[in-house]
Amino acid sequence: GQNIDQPTEMTATEGAIVQINCTYQTSGFNGLFWYQQHAGEAPTFLSYNVLDGLEEKGRFSSFLSRSKGYSYLLLKELQMKDSASYLCAVKGRDDKIIFGKGTRLHILP
Amino acid sequence: KAGVTQTPRYLIKTRGQQVTLSCSPISGHRSVSWYQQTPGQGLQFLFEYFSETQRNKGNFPGRFSGRQFSNSRSEMNVSTLELGDSALYLCASSLAAVEANYGYTFGSGTRLTVV
């Protein structure tokens with residue numbers, strides 16, 4: 001079967017760093033995505049990893065370990081506008097992109 | 001460059017009715033995928049179309065169907081609506097079925113309420 005796990009909710013403080021973990025078990029692997037979704041809005045693409053290692057993009061970084069079926073999204077210098085849900089998604093061998101249920105991130109001032 | 005356009009934005013239907021939702025992808029994008037989003041289940045994959053052909057299908061009953069036209073616009077249809085079909089239906093387009101490294105661009109969704 002296919003399974004993507006991520007924490008339901010996390011809380012962090014403005015200016016701090018937070019790491020959102022994602023573990024997956026899928027039929028094959030052709031890449032992992034992170035999306036951000038603000039309440040009432042559509043998800044927006046943040047990052048894509050297909051090889052092991054860290055991809056950095058401004059305040060956001062995403063890490064992948066294919067052997068461990070594990071990824072994380074690292075958000076630095078947190079801002080209030082980062083309060084949102086963060087969705088981990090995996091593209092399987094059949095090219096289906098399956099999403100986790102998302103992690104709701106609350107930022108405290 | 002126009003984004004992904006979904007119509008209508010909101011819809012209220014009665015149990016047993018059917019509904020058709022529309023999605024116009026970004027110009028030049030040939031892949032359109034549909035997802036159902038509910039608070040309890042998150043985003044669940046419905047189906048993906050590429051060049052008018054269904055490439056992938058999720059685990060939804062046959063009441064859910066879709067199609068894609070030659071201009072890449074896509075429609076999804078739900079027949080014999082049930083209360084549990086109330087959800088946000090999101091359409092996502094991408095440049096090509098395999099170039100997912102660019103990620104999807106999602107539309108704003110259609111909020112369907114079944115009463």
# chains A, B, ... in the order shown; residues from 1 in each chain; ligands from 1

$ select_by_dssp --residues "stretch 70-109 of chain B" --states "helix (DSSP H, G or I)" --output "JSON, numbers by chain"
{"B": [83, 84, 85, 100, 101, 102]}

$ residues_around --residues "stretch 103-108 of chain A" --least-positions-apart "2" --cutoff "8 Å" --atoms "only C-alpha atoms" --output "ChimeraX atom specification"
/A:6-14,20,78-80,82-87,101

$ residues_around --residues "B:Phe47" --least-positions-apart "5" --cutoff "12 Å" --atoms "only C-alpha atoms" --output "PDB file with C-alpha atoms, in the first residue's frame"
ATOM      1  CA  ASP A  95       3.395   8.541 -11.676  1.00  0.00           C
ATOM      2  CA  LYS A  96       0.497   9.133  -9.294  1.00  0.00           C
ATOM      3  CA  ILE A  97       1.222  11.967  -6.878  1.00  0.00           C
ATOM      4  CA  ILE A  98      -0.093  11.072  -3.439  1.00  0.00           C
TER       5      ILE A  98
ATOM      6  CA  SER B  31      -1.634  17.387 -17.797  1.00  0.00           C
ATOM      7  CA  VAL B  32      -4.620  17.922 -15.528  1.00  0.00           C
ATOM      8  CA  SER B  33      -5.119  16.126 -12.221  1.00  0.00           C
ATOM      9  CA  TRP B  34      -8.094  16.232  -9.892  1.00  0.00           C
ATOM     10  CA  TYR B  35      -8.038  15.938  -6.106  1.00  0.00           C
ATOM     11  CA  GLN B  36     -10.686  15.872  -3.414  1.00  0.00           C
ATOM     12  CA  THR B  53      -6.325  10.225 -22.082  1.00  0.00           C
ATOM     13  CA  GLN B  54      -6.785   9.151 -18.499  1.00  0.00           C
ATOM     14  CA  ARG B  55      -3.314   8.188 -17.295  1.00  0.00           C
ATOM     15  CA  ASN B  56      -4.062   7.400 -13.683  1.00  0.00           C
ATOM     16  CA  LYS B  57      -7.041   6.837 -11.474  1.00  0.00           C
ATOM     17  CA  GLY B  58      -7.432   6.914  -7.707  1.00  0.00           C
ATOM     18  CA  ASN B  59      -9.582   4.718  -5.526  1.00  0.00           C
ATOM     19  CA  PHE B  60     -12.906   6.455  -5.922  1.00  0.00           C
ATOM     20  CA  PRO B  61     -16.175   4.782  -6.951  1.00  0.00           C
ATOM     21  CA  GLY B  62     -17.377   4.831 -10.530  1.00  0.00           C
ATOM     22  CA  PHE B  64     -16.669   9.928 -10.158  1.00  0.00           C
ATOM     23  CA  SER B  65     -15.624  10.351 -13.757  1.00  0.00           C
ATOM     24  CA  GLY B  66     -13.756  12.839 -15.858  1.00  0.00           C
ATOM     25  CA  ARG B  67     -12.612  13.761 -19.287  1.00  0.00           C
ATOM     26  CA  GLN B  68     -10.222  16.080 -21.049  1.00  0.00           C
ATOM     27  CA  SER B  74     -11.009  19.097 -18.196  1.00  0.00           C
ATOM     28  CA  GLU B  75     -14.293  18.286 -16.549  1.00  0.00           C
ATOM     29  CA  MET B  76     -15.126  15.964 -13.717  1.00  0.00           C
ATOM     30  CA  ASN B  77     -18.572  14.602 -13.042  1.00  0.00           C
ATOM     31  CA  TYR B  89     -12.313  19.740  -5.417  1.00  0.00           C
ATOM     32  CA  LEU B  90      -8.953  20.914  -6.674  1.00  0.00           C
ATOM     33  CA  CYS B  91      -7.641  20.781 -10.182  1.00  0.00           C
ATOM     34  CA  ALA B  92      -3.909  20.905 -10.834  1.00  0.00           C
ATOM     35  CA  SER B  93      -2.092  21.387 -14.093  1.00  0.00           C
TER      36      SER B  93
END

$ residues_around --residues "A:Ser71" --least-positions-apart "5" --cutoff "8 Å" --atoms "only C-alpha atoms" --output "JSON list (two decimals) with all heavy atoms, in the first residue's frame"
[["chain", "number", "residue", "atom", "x", "y", "z"],
["A", 21, "ASN", "N", 8.70, 16.89, 9.47],
["A", 21, "ASN", "CA", 9.13, 15.60, 8.95],
["A", 21, "ASN", "C", 8.04, 14.91, 8.15],
["A", 21, "ASN", "O", 6.84, 15.12, 8.37],
["A", 21, "ASN", "CB", 9.54, 14.68, 10.10],
["A", 21, "ASN", "CG", 10.75, 15.19, 10.85],
["A", 21, "ASN", "OD1", 11.65, 15.79, 10.25],
["A", 21, "ASN", "ND2", 10.79, 14.98, 12.15],
["A", 22, "CYS", "N", 8.48, 14.07, 7.23],
["A", 22, "CYS", "CA", 7.56, 13.29, 6.41],
["A", 22, "CYS", "C", 8.20, 11.93, 6.17],
["A", 22, "CYS", "O", 9.35, 11.85, 5.73],
["A", 22, "CYS", "CB", 7.31, 14.01, 5.09],
["A", 22, "CYS", "SG", 6.42, 13.04, 3.85],
["A", 23, "THR", "N", 7.48, 10.87, 6.46],
["A", 23, "THR", "CA", 7.95, 9.53, 6.12],
["A", 23, "THR", "C", 6.95, 8.91, 5.14],
["A", 23, "THR", "O", 5.75, 9.20, 5.21],
["A", 23, "THR", "CB", 8.09, 8.62, 7.35],
["A", 23, "THR", "OG1", 6.83, 8.56, 8.03],
["A", 23, "THR", "CG2", 9.14, 9.15, 8.30],
["A", 62, "SER", "N", 14.65, 21.62, 1.80],
["A", 62, "SER", "CA", 14.02, 20.30, 1.87],
["A", 62, "SER", "C", 15.09, 19.24, 1.73],
["A", 62, "SER", "O", 16.01, 19.36, 0.91],
["A", 62, "SER", "CB", 12.94, 20.14, 0.80],
["A", 62, "SER", "OG", 13.47, 20.38, -0.48],
["A", 63, "PHE", "N", 14.96, 18.20, 2.54],
["A", 63, "PHE", "CA", 15.94, 17.12, 2.59],
["A", 63, "PHE", "C", 15.25, 15.82, 2.24],
["A", 63, "PHE", "O", 14.08, 15.60, 2.57],
["A", 63, "PHE", "CB", 16.53, 17.03, 4.00],
["A", 63, "PHE", "CG", 17.40, 15.82, 4.21],
["A", 63, "PHE", "CD1", 18.73, 15.82, 3.82],
["A", 63, "PHE", "CD2", 16.88, 14.67, 4.79],
["A", 63, "PHE", "CE1", 19.52, 14.70, 4.00],
["A", 63, "PHE", "CE2", 17.66, 13.53, 4.98],
["A", 63, "PHE", "CZ", 18.99, 13.55, 4.58],
["A", 64, "LEU", "N", 16.00, 14.94, 1.58],
["A", 64, "LEU", "CA", 15.47, 13.63, 1.21],
["A", 64, "LEU", "C", 16.48, 12.54, 1.50],
["A", 64, "LEU", "O", 17.67, 12.68, 1.18],
["A", 64, "LEU", "CB", 15.11, 13.60, -0.27],
["A", 64, "LEU", "CG", 14.66, 12.25, -0.82],
["A", 64, "LEU", "CD1", 13.31, 11.84, -0.23],
["A", 64, "LEU", "CD2", 14.57, 12.29, -2.35],
["A", 65, "SER", "N", 15.99, 11.42, 2.08],
["A", 65, "SER", "CA", 16.76, 10.19, 2.18],
["A", 65, "SER", "C", 15.88, 9.08, 1.62],
["A", 65, "SER", "O", 14.91, 8.66, 2.26],
["A", 65, "SER", "CB", 17.12, 9.88, 3.64],
["A", 65, "SER", "OG", 17.62, 8.55, 3.75]]

$ atom_distance --atom1 "atom CA of A:Leu32" --atom2 "atom CA of A:Val90"
4.5 Å

$ closest_atom_pairs --of "chain B" --to "chain A" --cutoff "9 Å" --atoms "only C-alpha atoms" --output "CSV"
residue,atom,partner,partner_atom,distance
B:Pro39,CA,A:Lys101,CA,8.5
B:Gly40,CA,A:Lys101,CA,7.9
B:Gln41,CA,A:Lys101,CA,6.3
B:Gly42,CA,A:Lys101,CA,4.4
B:Leu43,CA,A:Phe99,CA,5.9
B:Gln44,CA,A:Phe99,CA,6.9
B:Phe45,CA,A:Ile98,CA,6.5
B:Phe47,CA,A:Lys96,CA,8.6
B:Glu48,CA,A:Lys96,CA,8.1
B:Arg55,CA,A:Asp95,CA,8.8
B:Asn56,CA,A:Lys96,CA,6.6
B:Lys57,CA,A:Lys96,CA,8.2
B:Gly58,CA,A:Lys96,CA,8.4
B:Leu90,CA,A:Ala42,CA,7.7
B:Ala97,CA,A:Asp95,CA,8.0
B:Val98,CA,A:Asp95,CA,7.5
B:Ala100,CA,A:Gly31,CA,8.3
B:Asn101,CA,A:Tyr48,CA,5.9
B:Tyr102,CA,A:Tyr48,CA,7.7
B:Gly103,CA,A:Phe45,CA,5.9
B:Tyr104,CA,A:Phe45,CA,6.7
B:Thr105,CA,A:Thr44,CA,6.8
B:Phe106,CA,A:Ala42,CA,6.0
B:Gly107,CA,A:Ala42,CA,6.3
B:Ser108,CA,A:Ala42,CA,5.1
B:Gly109,CA,A:Ala42,CA,7.0

$ residues_around --residues "stretch 9-22 of chain B" --least-positions-apart "4" --cutoff "6 Å" --atoms "only C-alpha atoms" --output "PyMOL selection string"
chain B and resi 74-82+110-115

$ atom_distance --atom1 "atom CA of A:Tyr72" --atom2 "atom CA of B:Gln37"
22.6 Å

$ residues_around --residues "A:Ile17" --least-positions-apart "4" --cutoff "7 Å" --atoms "only C-alpha atoms" --output "list in words"
Leu75, Lys76, Glu77 and Leu78 of chain A

$ select_by_dssp --residues "chain A" --states "strand (DSSP E or B)" --output "PyMOL selection string"
chain A and resi 3-5+9-13+18-25+32-37+44-49+53-57+60-65+70-75+84-91+97-99+103-108
